[in-house]
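One structure below.
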Protein chains: 2
Amino acid sequence: MTELLTPATKASGFDSSHIDVAALGQALLGKWAEVRLQARELAGMPELHKIEGLTHTEHRARAFGQLGLLVEKNGVHRAFPPRLGGTGDHGGNVAGFEELVTADPSVQIKAGVQWGLFGSAVLHLGTQEHQDKWLPGIMSLEIPGCFAMTEIGHGSDVASIATTATYDADAQEFVINTPFRAAWKEYIGNAAVDGVAAVVFAQLITRGVNHGVHAFYVDLRDPSTKEFLPGIGGLDDNVKGGLNGIDNGRLHFDNVRIPRTNLLNRYGDVAVDGRYTSPIASPGRRFFTMLGTLVQGRVSLDGAAVAASKVALKIAIQYATERRQFNAASDTEEVVLLDYQRHQRRLLPRLATTYAASFAHEELLQKFDDVFSGAQDTDEDRQDLETLAAALKSLSTWHALDTLQECREACGGAGFMVENRFTSLRADLDVYATFEGDNTVLLQLVAKRLLADYSKEFRNLDFGVLARFVVGQAAELTWHKTGLRQVAQFVADSGSAQKSAKALKDEDTQHELLAGRVQAMVADVAAALKGASKLSKDQGAELFNEHQNELIEAARAHAELLQWEAFTEALRRIEDAGTRKVLTRLRDLFGLGLIEKHLDWYLMNGRISMLRARTLAPYINRVLAKLRPHALDLVDAFGYGPEHLRATIATGIERERQDEARDYYRKLRASKDAPLDERVLLQKAKASGRS
Amino acid sequence: MTELLTPATKASGFDSSHIDVAALGQALLGKWAEVRLQARELAGMPELHKIEGLTHTEHRARAFGQLGLLVEKNGVHRAFPPRLGGTGDHGGNVAGFEELVTADPSVQIKAGVQWGLFGSAVLHLGTQEHQDKWLPGIMSLEIPGCFAMTEIGHGSDVASIATTATYDADAQEFVINTPFRAAWKEYIGNAAVDGVAAVVFAQLITRGVNHGVHAFYVDLRDPSTKEFLPGIGGLDDNVKGGLNGIDNGRLHFDNVRIPRTNLLNRYGDVAVDGRYTSPIASPGRRFFTMLGTLVQGRVSLDGAAVAASKVALKIAIQYATERRQFNAASDTEEVVLLDYQRHQRRLLPRLATTYAASFAHEELLQKFDDVFSGAQDTDEDRQDLETLAAALKSLSTWHALDTLQECREACGGAGFMVENRFTSLRADLDVYATFEGDNTVLLQLVAKRLLADYSKEFRNLDFGVLARFVVGQAAELTWHKTGLRQVAQFVADSGSAQKSAKALKDEDTQHELLAGRVQAMVADVAAALKGASKLSKDQGAELFNEHQNELIEAARAHAELLQWEAFTEALRRIEDAGTRKVLTRLRDLFGLGLIEKHLDWYLMNGRISMLRARTLAPYINRVLAKLRPHALDLVDAFGYGPEHLRATIATGIERERQDEARDYYRKLRASKDAPLDERVLLQKAKASGRS
């Protein structure tokens, strides 16, 4: 491949590193490799693919039909109990689900609504009786259903929902009611057309006491006529920015009566006489336990976002190794897009981040499986899972949007054609940034956890122990304790610029810088908030608000560190030396990219000297040039075939066209029919005039 | 309005500043205020509005019909000569065109194809004979047409297009030919369905000499049957990421013969015997003169991007002043979204950038009008216009995408509903970043200009004179000469943090920092490239490539400076003291935001001390809090009415729903029917257990 002998490659000298694509692909597939491969086979079926340009009603009908195909192909029941035909494989279920994004994100998310939310709620919040009664119909799609939690008035603030479920002991029924318009259930998948039942979240009121949010199974529509049952109404959300294969809509309930036993009562029950009992005494803990099942959605969005980023980068990088711009009409071999430094800057750091996000997701999925399988299911495990999912889902869903957009622009006008996938995937994934928890809200949850841990363990600021707190999340890795000593670097830094830059390549240095930043940011904001608990509620809120931005940035820094650590941990598992060498370089690109992104912080906090800082960008440029020859291997290792990519520009058509053009010019020149160039004639005339 | 008494506002004390919204609105409308208001009235007509959810074929048919309405309402002929029914008003024409984006970007761009590109090419590249022959039909839409320039193989590289127009003296005809697939015309608006003629760009070959790219008028389809004429073929681009009201497609020509006189021969002609003549001797200058008419597209995209950003911010900020999240169920007045610091951080800096882009666009439009009206039309004027358009179009189109996305996310799930406009506008504007010149390519044109000026005037590096070069673009403003003395600040900085931060508010300081950065970046990259001309072509290209990223960043810095200067210049024209005070603060937010964005650069180049740098973010947070109470006025001044916004969430519906909810809870509490809260009961029980 002539592209490999680029100026950039030549400049960096001969490079012996080589990637074992198959082995790397296996490493990326992770623990649930087999399930992923099965799911990819399914996702490769034309019957499941998105057809572009359908109206939203046509797309909805197609997506509903596709869910039936998923049932038929046994692709969506892994999480359900073996006694009902599932395999009780929670990790595998999510892994398989994630891969469906390449077929059509609408199919994926509609399946997520049916089995991941509606079915999961019955599975996790109901008792065996509930499961046996409803899960078979839910699994077979005989009961298409909704997960009716979100209300117009309360997007991410579930505790404040206003729908009520008031127990009427005389009738032994709950009365589900929507008190005002802001309490309408909103954005509910399957609500506009397909849903015949729903798990409705409402404030459980019995004997004059509100016991907080609980889940109730409610029939919505007559299965044969598809008409709403009495007391139930709704509206169609119609066209959305994407995911138009899903019939989102609104629902409201006008004193709808359901049997007492329709309360999904695993974590809270009401006796015939109206007495409320719960195995979890604390209403707060009870609420978070019930909502804990939602984490599955965040985990799978994280994985789906990573998968979409992989598809986008494979398409864009394939094209960038074929497409030639400026001077391509010449007969000599001109550089392809990916040989341009800027193009490398656009695509390769995003490739590095995608690898980091992929390895981090695998850790998250493992943690999820540990908790949901019951293998490691303490309160602390669940809290860790919540925090990890919130941190990673935020970063990866934003990353997917950023990557899809950069890829689309990097492919110019061709990137805008829907046949090349970027715009379509981007539109569909847009909402991933705000659903299953708004990313900005999720990062605040992460920040609260960082602060809570910080103040629980250390009432007073203590840098050494704080180091343990943050670095403690780095699993088995034992890093140098980081701390204030880094400030000394500012003074001690010396030597050539080259030496300065290379030091940043050191794994420990990267970790020190990244972890040190998290520590310092948490410590800084904790110090600023120190007196908050002594203030009035209003003043406390005001103080927090004055530091909201810092809190969110600290959470983001923490999430980035987790990604870096996951990438680094994954390197340890790569056996092939050449692959490890290239991948280490890619990890360096990720780490150095983070440091470059936050370079202002490192400089103003004295963690990096001015001298060293100035060497960073040129050094990153050299790393990019060294990675350039491996770019195709790195995206090929993702393992997506033409049936998943389905992008015209990734089929080699560009290379064919350029070969044809080159041939044409070669023959033209040989034929001597080629027109002379006016500019050349002018130069010759000038020259002869002078001579 | 209770929102104005937010904690943030209270914290910053009573603020006497007040905006005269009407006067500010007039200032924003600029020189072509009347045309803009006429165009907005047109854009407010329901007949011109985008209907969401149409198929691309339905949308195309509607858009074509809408062009007829634009003709009927006399909205699109301002640029054409008075003798043909126009008004010869180039600036007004573009101003009016820009405003159409609020109706439907497809209508805008399809109008742009018909009159701004196809019609403009006949107007600017043809002679009066051509104009009289074809413009009436083009103006009336009797001749829907294409601007067939771009080829598959060459997106932004027009000089390399491969379509040939070879003169056959015997027949007195040009033969238009597509030699291979990469030379197919691609992404051509009106090509798939509507176009019956086209201006085709091709290499003009006569008497065995290629005279470079020229424009030819070519009939494409039989006007009655809409079938392609013999020798002409094409393909439909089908569904795109947006702008689906436009029938983009491909075109190819198999030795199609057209009369000699169909060459649009203003800048280059072929006599009956095949002799080529041109009023412009240099082929390079001739090419750029002919392509100069394209600048109109860039100017209008700049304006349209600004208009779309304004619409988005009005919707999102309106909603953010009504929407309450977390604790909204309480009876007390809780903070609305815009009182959250992070929400201010998300929206207000983008509002500041939109103001900067708006004022900068007005300067660009003035420059454009000066050149196209002939008032100031030297080669240098045209070059300045090209550079300014390239710089501003890049920044504003990216800014629009960023703003639309941030607004969409800031409105959560509601932002994703197509009825709230963000996703629809974003999809349509996506391609603005790469058409009429890929932004990345355009920024390189800017960089080349910066370097060319630099090396033309100063063969050796000279900081003092360099300052003049960059600051020379700041029109009448006389700024302090900037230069190396800023480095001294690092040493000299002292005093309280408060004092340090406030110094950055100083206008001259902001300008010194922004202009100084441009100077230094250009000087640095010029120094690195110093020997390039002595190297071989390959080595020179390699050296350039190694600094491509820096070049682009220098161009971006330059463009940002131009925006800042335009904003600052506009402040001088604001007469109302209160308005000027608020707007100055908004300009400070823009300037400080730029400095914060590039803080790493300022720190590592010793332009800002660590001490001062650390005060920047808190200071910006305080500026945000001070601007918060004026946010609604600032978006109201954009002057877009409900007929332009057409977003459900900007209608006050959110406030109504919250009022209803608040009433409900108030009455419930008064009725004593309100359920008790389990958490409150538990606390009471605990308390009584202890006592």
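Numbering starts fresh at 1 for the residues of each chain in the structure tokens, the chains themselves are lettered A, B, ... in the order given, and ligands are numbered from 1 as they appear.
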Do a neighbour search on Asp104 in chain B at 8 Å with only C-alpha atoms, toss out local chain neighbours closer than 2 positions, and write the hits as a list in words.
Leu48, His49, Lys50, Leu100, Val101, Thr102, Ser106, Val107 and Gln108 of chain B
Give me a file of those residues, with all heavy atoms, as a PDB file, in the first residue's frame.
ATOM      1  N   LEU B  48     -44.308  29.450   3.548  1.00  0.00           N
ATOM      2  CA  LEU B  48     -42.872  29.235   3.317  1.00  0.00           C
ATOM      3  C   LEU B  48     -42.232  28.361   4.389  1.00  0.00           C
ATOM      4  O   LEU B  48     -41.043  28.049   4.316  1.00  0.00           O
ATOM      5  CB  LEU B  48     -42.146  30.581   3.252  1.00  0.00           C
ATOM      6  CG  LEU B  48     -42.336  31.383   1.967  1.00  0.00           C
ATOM      7  CD1 LEU B  48     -41.625  32.735   2.066  1.00  0.00           C
ATOM      8  CD2 LEU B  48     -41.799  30.605   0.761  1.00  0.00           C
ATOM      9  N   HIS B  49     -43.001  27.978   5.382  1.00  0.00           N
ATOM     10  CA  HIS B  49     -42.387  27.249   6.496  1.00  0.00           C
ATOM     11  C   HIS B  49     -42.141  25.789   6.175  1.00  0.00           C
ATOM     12  O   HIS B  49     -42.899  25.155   5.449  1.00  0.00           O
ATOM     13  CB  HIS B  49     -43.269  27.364   7.746  1.00  0.00           C
ATOM     14  CG  HIS B  49     -43.337  28.765   8.261  1.00  0.00           C
ATOM     15  ND1 HIS B  49     -44.237  29.184   9.200  1.00  0.00           N
ATOM     16  CD2 HIS B  49     -42.591  29.859   7.953  1.00  0.00           C
ATOM     17  CE1 HIS B  49     -44.058  30.472   9.447  1.00  0.00           C
ATOM     18  NE2 HIS B  49     -43.069  30.902   8.699  1.00  0.00           N
ATOM     19  N   LYS B  50     -41.112  25.288   6.783  1.00  0.00           N
ATOM     20  CA  LYS B  50     -40.785  23.877   6.657  1.00  0.00           C
ATOM     21  C   LYS B  50     -41.867  23.049   7.345  1.00  0.00           C
ATOM     22  O   LYS B  50     -42.269  23.349   8.471  1.00  0.00           O
ATOM     23  CB  LYS B  50     -39.433  23.601   7.326  1.00  0.00           C
ATOM     24  CG  LYS B  50     -38.960  22.167   7.208  1.00  0.00           C
ATOM     25  CD  LYS B  50     -37.540  22.001   7.767  1.00  0.00           C
ATOM     26  CE  LYS B  50     -37.046  20.563   7.598  1.00  0.00           C
ATOM     27  NZ  LYS B  50     -35.668  20.390   8.115  1.00  0.00           N
ATOM     28  N   LEU B 100     -34.216  34.297   5.192  1.00  0.00           N
ATOM     29  CA  LEU B 100     -35.099  33.185   4.795  1.00  0.00           C
ATOM     30  C   LEU B 100     -34.807  31.904   5.572  1.00  0.00           C
ATOM     31  O   LEU B 100     -35.621  30.979   5.597  1.00  0.00           O
ATOM     32  CB  LEU B 100     -34.972  32.908   3.300  1.00  0.00           C
ATOM     33  CG  LEU B 100     -35.411  34.031   2.353  1.00  0.00           C
ATOM     34  CD1 LEU B 100     -35.213  33.612   0.913  1.00  0.00           C
ATOM     35  CD2 LEU B 100     -36.872  34.400   2.603  1.00  0.00           C
ATOM     36  N   VAL B 101     -33.635  31.856   6.212  1.00  0.00           N
ATOM     37  CA  VAL B 101     -33.264  30.631   6.923  1.00  0.00           C
ATOM     38  C   VAL B 101     -34.284  30.280   7.999  1.00  0.00           C
ATOM     39  O   VAL B 101     -34.480  29.108   8.324  1.00  0.00           O
ATOM     40  CB  VAL B 101     -31.831  30.741   7.515  1.00  0.00           C
ATOM     41  CG1 VAL B 101     -31.803  31.611   8.761  1.00  0.00           C
ATOM     42  CG2 VAL B 101     -31.257  29.361   7.805  1.00  0.00           C
ATOM     43  N   THR B 102     -34.961  31.286   8.536  1.00  0.00           N
ATOM     44  CA  THR B 102     -35.925  30.995   9.607  1.00  0.00           C
ATOM     45  C   THR B 102     -37.182  30.303   9.079  1.00  0.00           C
ATOM     46  O   THR B 102     -37.888  29.652   9.833  1.00  0.00           O
ATOM     47  CB  THR B 102     -36.350  32.267  10.377  1.00  0.00           C
ATOM     48  OG1 THR B 102     -37.114  33.095   9.507  1.00  0.00           O
ATOM     49  CG2 THR B 102     -35.143  33.035  10.877  1.00  0.00           C
ATOM     50  N   SER B 106     -33.956  24.852   3.499  1.00  0.00           N
ATOM     51  CA  SER B 106     -34.014  24.304   2.144  1.00  0.00           C
ATOM     52  C   SER B 106     -34.491  25.363   1.159  1.00  0.00           C
ATOM     53  O   SER B 106     -33.976  25.455   0.038  1.00  0.00           O
ATOM     54  CB  SER B 106     -34.975  23.107   2.079  1.00  0.00           C
ATOM     55  OG  SER B 106     -34.390  21.955   2.629  1.00  0.00           O
ATOM     56  N   VAL B 107     -35.484  26.142   1.550  1.00  0.00           N
ATOM     57  CA  VAL B 107     -35.978  27.204   0.671  1.00  0.00           C
ATOM     58  C   VAL B 107     -34.860  28.213   0.443  1.00  0.00           C
ATOM     59  O   VAL B 107     -34.615  28.661  -0.680  1.00  0.00           O
ATOM     60  CB  VAL B 107     -37.199  27.905   1.309  1.00  0.00           C
ATOM     61  CG1 VAL B 107     -37.610  29.106   0.481  1.00  0.00           C
ATOM     62  CG2 VAL B 107     -38.349  26.929   1.440  1.00  0.00           C
ATOM     63  N   GLN B 108     -34.179  28.544   1.536  1.00  0.00           N
ATOM     64  CA  GLN B 108     -33.091  29.502   1.407  1.00  0.00           C
ATOM     65  C   GLN B 108     -32.026  29.013   0.435  1.00  0.00           C
ATOM     66  O   GLN B 108     -31.650  29.713  -0.500  1.00  0.00           O
ATOM     67  CB  GLN B 108     -32.461  29.746   2.783  1.00  0.00           C
ATOM     68  CG  GLN B 108     -31.322  30.757   2.693  1.00  0.00           C
ATOM     69  CD  GLN B 108     -30.544  30.845   3.985  1.00  0.00           C
ATOM     70  OE1 GLN B 108     -30.230  29.838   4.606  1.00  0.00           O
ATOM     71  NE2 GLN B 108     -30.232  32.060   4.380  1.00  0.00           N
TER      72      GLN B 108
END
Set the cut-off to 6 Å and count only C-alpha atoms: what are the residues of chain A that reach chain B? Output as a ChimeraX atom specification.
/A:55,157,182,208-211,239-241,326,341-342,412,416-418,423,434,545,549,599-600,604,610,657,675-678
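Closest to Ala316 in chain A among A:Thr648, A:Ser358, A:Thr397, A:Asn262 is A:Thr648, based on only C-alpha atoms.
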Ranking B:Lys31, B:His644, B:Arg382, B:Arg221 by minimum distance to Val311 in chain B and counting only C-alpha atoms, which one comes first?
B:His644
Which residues come within 10 Å of Phe368 in chain A, counting only C-alpha atoms, excluding same-chain residues fewer than 3 positions away, as an NGL selection string?
:A and (90-91 or 94 or 295-296 or 299 or 362-365 or 371-374 or 376-377 or 381-382 or 384-386 or 388-389)
For the residues in that selection, give me N, CA, C and O atoms as a PDB file, in the first residue's frame.
ATOM      1  N   HIS A  90     -26.872 -11.264  32.335  1.00  0.00           N
ATOM      2  CA  HIS A  90     -27.094  -9.814  32.282  1.00  0.00           C
ATOM      3  C   HIS A  90     -26.048  -9.094  31.454  1.00  0.00           C
ATOM      4  O   HIS A  90     -26.362  -8.230  30.638  1.00  0.00           O
ATOM      5  N   GLY A  91     -24.788  -9.458  31.682  1.00  0.00           N
ATOM      6  CA  GLY A  91     -23.714  -8.822  30.911  1.00  0.00           C
ATOM      7  C   GLY A  91     -23.853  -9.119  29.431  1.00  0.00           C
ATOM      8  O   GLY A  91     -23.758  -8.219  28.584  1.00  0.00           O
ATOM      9  N   VAL A  94     -26.668  -7.152  27.688  1.00  0.00           N
ATOM     10  CA  VAL A  94     -26.334  -5.771  27.337  1.00  0.00           C
ATOM     11  C   VAL A  94     -25.341  -5.746  26.174  1.00  0.00           C
ATOM     12  O   VAL A  94     -25.474  -4.941  25.246  1.00  0.00           O
ATOM     13  N   VAL A 295     -29.837   1.624  35.758  1.00  0.00           N
ATOM     14  CA  VAL A 295     -28.428   1.729  35.393  1.00  0.00           C
ATOM     15  C   VAL A 295     -28.127   0.925  34.134  1.00  0.00           C
ATOM     16  O   VAL A 295     -27.243   1.253  33.349  1.00  0.00           O
ATOM     17  N   GLN A 296     -28.925  -0.122  33.927  1.00  0.00           N
ATOM     18  CA  GLN A 296     -28.756  -0.953  32.735  1.00  0.00           C
ATOM     19  C   GLN A 296     -28.835  -0.114  31.451  1.00  0.00           C
ATOM     20  O   GLN A 296     -28.080  -0.320  30.519  1.00  0.00           O
ATOM     21  N   VAL A 299     -25.598   1.802  31.073  1.00  0.00           N
ATOM     22  CA  VAL A 299     -24.507   0.912  30.657  1.00  0.00           C
ATOM     23  C   VAL A 299     -24.616   0.625  29.166  1.00  0.00           C
ATOM     24  O   VAL A 299     -23.635   0.709  28.428  1.00  0.00           O
ATOM     25  N   GLU A 362     -15.902  -2.017  28.787  1.00  0.00           N
ATOM     26  CA  GLU A 362     -15.780  -3.429  29.134  1.00  0.00           C
ATOM     27  C   GLU A 362     -15.686  -3.600  30.658  1.00  0.00           C
ATOM     28  O   GLU A 362     -16.297  -4.509  31.225  1.00  0.00           O
ATOM     29  N   GLU A 363     -14.976  -2.696  31.319  1.00  0.00           N
ATOM     30  CA  GLU A 363     -14.894  -2.758  32.786  1.00  0.00           C
ATOM     31  C   GLU A 363     -16.254  -2.468  33.421  1.00  0.00           C
ATOM     32  O   GLU A 363     -16.647  -3.094  34.404  1.00  0.00           O
ATOM     33  N   LEU A 364     -16.938  -1.504  32.819  1.00  0.00           N
ATOM     34  CA  LEU A 364     -18.272  -1.159  33.327  1.00  0.00           C
ATOM     35  C   LEU A 364     -19.231  -2.332  33.178  1.00  0.00           C
ATOM     36  O   LEU A 364     -20.002  -2.651  34.096  1.00  0.00           O
ATOM     37  N   LEU A 365     -19.158  -2.979  32.045  1.00  0.00           N
ATOM     38  CA  LEU A 365     -20.050  -4.102  31.775  1.00  0.00           C
ATOM     39  C   LEU A 365     -19.784  -5.246  32.750  1.00  0.00           C
ATOM     40  O   LEU A 365     -20.710  -5.904  33.230  1.00  0.00           O
ATOM     41  N   VAL A 371     -22.865  -7.103  39.606  1.00  0.00           N
ATOM     42  CA  VAL A 371     -23.958  -6.648  40.471  1.00  0.00           C
ATOM     43  C   VAL A 371     -25.257  -7.361  40.116  1.00  0.00           C
ATOM     44  O   VAL A 371     -25.940  -7.901  40.983  1.00  0.00           O
ATOM     45  N   PHE A 372     -25.582  -7.391  38.833  1.00  0.00           N
ATOM     46  CA  PHE A 372     -26.891  -7.937  38.447  1.00  0.00           C
ATOM     47  C   PHE A 372     -26.957  -9.461  38.528  1.00  0.00           C
ATOM     48  O   PHE A 372     -28.038 -10.024  38.676  1.00  0.00           O
ATOM     49  N   SER A 373     -25.808 -10.100  38.413  1.00  0.00           N
ATOM     50  CA  SER A 373     -25.811 -11.556  38.588  1.00  0.00           C
ATOM     51  C   SER A 373     -25.832 -11.901  40.077  1.00  0.00           C
ATOM     52  O   SER A 373     -26.036 -13.053  40.441  1.00  0.00           O
ATOM     53  N   GLY A 374     -25.577 -10.887  40.924  1.00  0.00           N
ATOM     54  CA  GLY A 374     -25.540 -11.137  42.354  1.00  0.00           C
ATOM     55  C   GLY A 374     -24.171 -11.567  42.849  1.00  0.00           C
ATOM     56  O   GLY A 374     -23.970 -11.763  44.040  1.00  0.00           O
ATOM     57  N   GLN A 376     -21.377  -9.873  43.017  1.00  0.00           N
ATOM     58  CA  GLN A 376     -20.846  -8.837  43.906  1.00  0.00           C
ATOM     59  C   GLN A 376     -21.897  -7.748  43.978  1.00  0.00           C
ATOM     60  O   GLN A 376     -21.888  -6.835  43.160  1.00  0.00           O
ATOM     61  N   ASP A 377     -22.762  -7.858  44.955  1.00  0.00           N
ATOM     62  CA  ASP A 377     -23.959  -7.031  44.937  1.00  0.00           C
ATOM     63  C   ASP A 377     -24.204  -6.329  46.265  1.00  0.00           C
ATOM     64  O   ASP A 377     -25.302  -6.315  46.780  1.00  0.00           O
ATOM     65  N   ASP A 381     -21.122  -1.844  45.963  1.00  0.00           N
ATOM     66  CA  ASP A 381     -20.982  -2.253  44.562  1.00  0.00           C
ATOM     67  C   ASP A 381     -21.976  -1.502  43.690  1.00  0.00           C
ATOM     68  O   ASP A 381     -21.641  -1.024  42.612  1.00  0.00           O
ATOM     69  N   ARG A 382     -23.213  -1.417  44.183  1.00  0.00           N
ATOM     70  CA  ARG A 382     -24.249  -0.743  43.398  1.00  0.00           C
ATOM     71  C   ARG A 382     -23.941   0.748  43.249  1.00  0.00           C
ATOM     72  O   ARG A 382     -24.156   1.326  42.189  1.00  0.00           O
ATOM     73  N   ASP A 384     -20.912   2.056  43.333  1.00  0.00           N
ATOM     74  CA  ASP A 384     -19.781   2.162  42.407  1.00  0.00           C
ATOM     75  C   ASP A 384     -20.259   2.025  40.964  1.00  0.00           C
ATOM     76  O   ASP A 384     -19.812   2.757  40.075  1.00  0.00           O
ATOM     77  N   LEU A 385     -21.157   1.080  40.764  1.00  0.00           N
ATOM     78  CA  LEU A 385     -21.694   0.857  39.415  1.00  0.00           C
ATOM     79  C   LEU A 385     -22.416   2.105  38.919  1.00  0.00           C
ATOM     80  O   LEU A 385     -22.219   2.555  37.782  1.00  0.00           O
ATOM     81  N   GLU A 386     -23.254   2.686  39.791  1.00  0.00           N
ATOM     82  CA  GLU A 386     -23.975   3.914  39.440  1.00  0.00           C
ATOM     83  C   GLU A 386     -23.007   5.017  39.018  1.00  0.00           C
ATOM     84  O   GLU A 386     -23.214   5.695  38.011  1.00  0.00           O
ATOM     85  N   LEU A 388     -19.803   4.790  38.121  1.00  0.00           N
ATOM     86  CA  LEU A 388     -19.033   4.445  36.920  1.00  0.00           C
ATOM     87  C   LEU A 388     -19.895   4.614  35.670  1.00  0.00           C
ATOM     88  O   LEU A 388     -19.453   5.180  34.647  1.00  0.00           O
ATOM     89  N   ALA A 389     -21.140   4.155  35.751  1.00  0.00           N
ATOM     90  CA  ALA A 389     -22.025   4.261  34.588  1.00  0.00           C
ATOM     91  C   ALA A 389     -22.317   5.717  34.254  1.00  0.00           C
ATOM     92  O   ALA A 389     -22.305   6.120  33.085  1.00  0.00           O
TER      93      ALA A 389
END
Close residues, Arg62 in chain B itself excluded, 8 Å, only C-alpha atoms, min 4 positions apart in chain, as an mmCIF file with all heavy atoms, in the first residue's frame:
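Dumped to part_28.cif:
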data_model
loop_
_atom_site.group_PDB
_atom_site.id
_atom_site.type_symbol
_atom_site.label_atom_id
_atom_site.label_comp_id
_atom_site.auth_asym_id
_atom_site.auth_seq_id
_atom_site.Cartn_x
_atom_site.Cartn_y
_atom_site.Cartn_z
ATOM 1 N N GLU B 58 -41.572 14.805 -1.240
ATOM 2 C CA GLU B 58 -42.611 15.801 -0.915
ATOM 3 C C GLU B 58 -41.990 17.161 -0.570
ATOM 4 O O GLU B 58 -42.478 18.206 -0.986
ATOM 5 C CB GLU B 58 -43.444 15.319 0.291
ATOM 6 C CG GLU B 58 -44.313 14.104 0.022
ATOM 7 C CD GLU B 58 -44.800 13.420 1.306
ATOM 8 O OE1 GLU B 58 -44.276 13.743 2.408
ATOM 9 O OE2 GLU B 58 -45.677 12.550 1.197
ATOM 10 N N GLN B 66 -42.368 26.886 -3.301
ATOM 11 C CA GLN B 66 -42.062 28.055 -2.471
ATOM 12 C C GLN B 66 -41.169 29.054 -3.201
ATOM 13 O O GLN B 66 -41.296 30.268 -2.997
ATOM 14 C CB GLN B 66 -41.426 27.599 -1.154
ATOM 15 C CG GLN B 66 -42.450 26.942 -0.215
ATOM 16 C CD GLN B 66 -41.797 26.166 0.908
ATOM 17 O OE1 GLN B 66 -40.724 25.583 0.733
ATOM 18 N NE2 GLN B 66 -42.446 26.123 2.061
ATOM 19 N N GLY B 245 -35.202 19.520 1.086
ATOM 20 C CA GLY B 245 -36.061 20.182 0.112
ATOM 21 C C GLY B 245 -35.336 20.483 -1.191
ATOM 22 O O GLY B 245 -35.955 20.945 -2.146
#
For His214 in chain B, find every residue with an atom within 12 Å (counting only C-alpha atoms), except residues of its own chain fewer than 2 positions away, and show them as number ranges by chain.
B: 121, 125-126, 148-149, 158-159, 161-166, 174, 176, 199-205, 210-212, 216-217, 262-270, 276, 278, 283, 286-291
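Per DSSP on the backbone, alpha helix (DSSP H) in range 175-309 of chain B comprises B:Pro283, B:Gly284, B:Arg285, B:Arg286, B:Phe287, B:Phe288, B:Thr289, B:Met290, B:Leu291, B:Val295, B:Gln296, B:Gly297, B:Arg298, B:Val299, B:Ser300, B:Leu301, B:Asp302, B:Gly303, B:Ala304, B:Ala305, B:Val306, B:Ala307, B:Ala308, B:Ser309.
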Output C-alpha atoms for every residue in the selection just made, as a compact mmCIF listing (two decimals), in the first residue's frame.
# COMPACT_ATOMS: atom_id res chain seq x y z
CA PRO B 283 -4.41 32.65 -15.76
CA GLY B 284 -4.18 32.55 -11.96
CA ARG B 285 -5.68 35.99 -11.49
CA ARG B 286 -8.33 35.22 -14.11
CA PHE B 287 -9.35 32.06 -12.26
CA PHE B 288 -9.65 33.84 -8.94
CA THR B 289 -11.58 36.70 -10.52
CA MET B 290 -14.11 34.29 -11.99
CA LEU B 291 -14.40 32.41 -8.73
CA VAL B 295 -17.78 34.86 -2.23
CA GLN B 296 -21.44 35.86 -2.18
CA GLY B 297 -22.33 32.35 -1.05
CA ARG B 298 -19.89 32.51 1.84
CA VAL B 299 -21.10 35.92 2.90
CA SER B 300 -24.70 34.78 2.97
CA LEU B 301 -23.93 31.53 4.80
CA ASP B 302 -22.17 33.63 7.43
CA GLY B 303 -25.31 35.72 7.87
CA ALA B 304 -27.67 32.75 7.79
CA ALA B 305 -25.60 30.95 10.42
CA VAL B 306 -25.81 34.01 12.66
CA ALA B 307 -29.58 34.20 12.16
CA ALA B 308 -30.03 30.53 13.05
CA SER B 309 -27.90 30.97 16.18
Please identify all polymer residues within 10 Å of Pro223 in chain A, counting only C-alpha atoms, omitting same-chain residues fewer than 5 positions from it, and present them as a PyMOL selection string.
chain A and resi 142-144+194-197+228-229
Excluding Ile138 in chain B and residues on its chain fewer than 4 positions from it, collect all residues at most 12 Å away from it, counting only C-alpha atoms, and give them as a ChimeraX atom specification.
/B:67-68,71,76-77,80,84,111,113-123,130-134,142-146,195-199
One-decimal distance in Å that lies between CA of Gly137 in chain B and CA of Pro81 in chain B:
14.0 Å
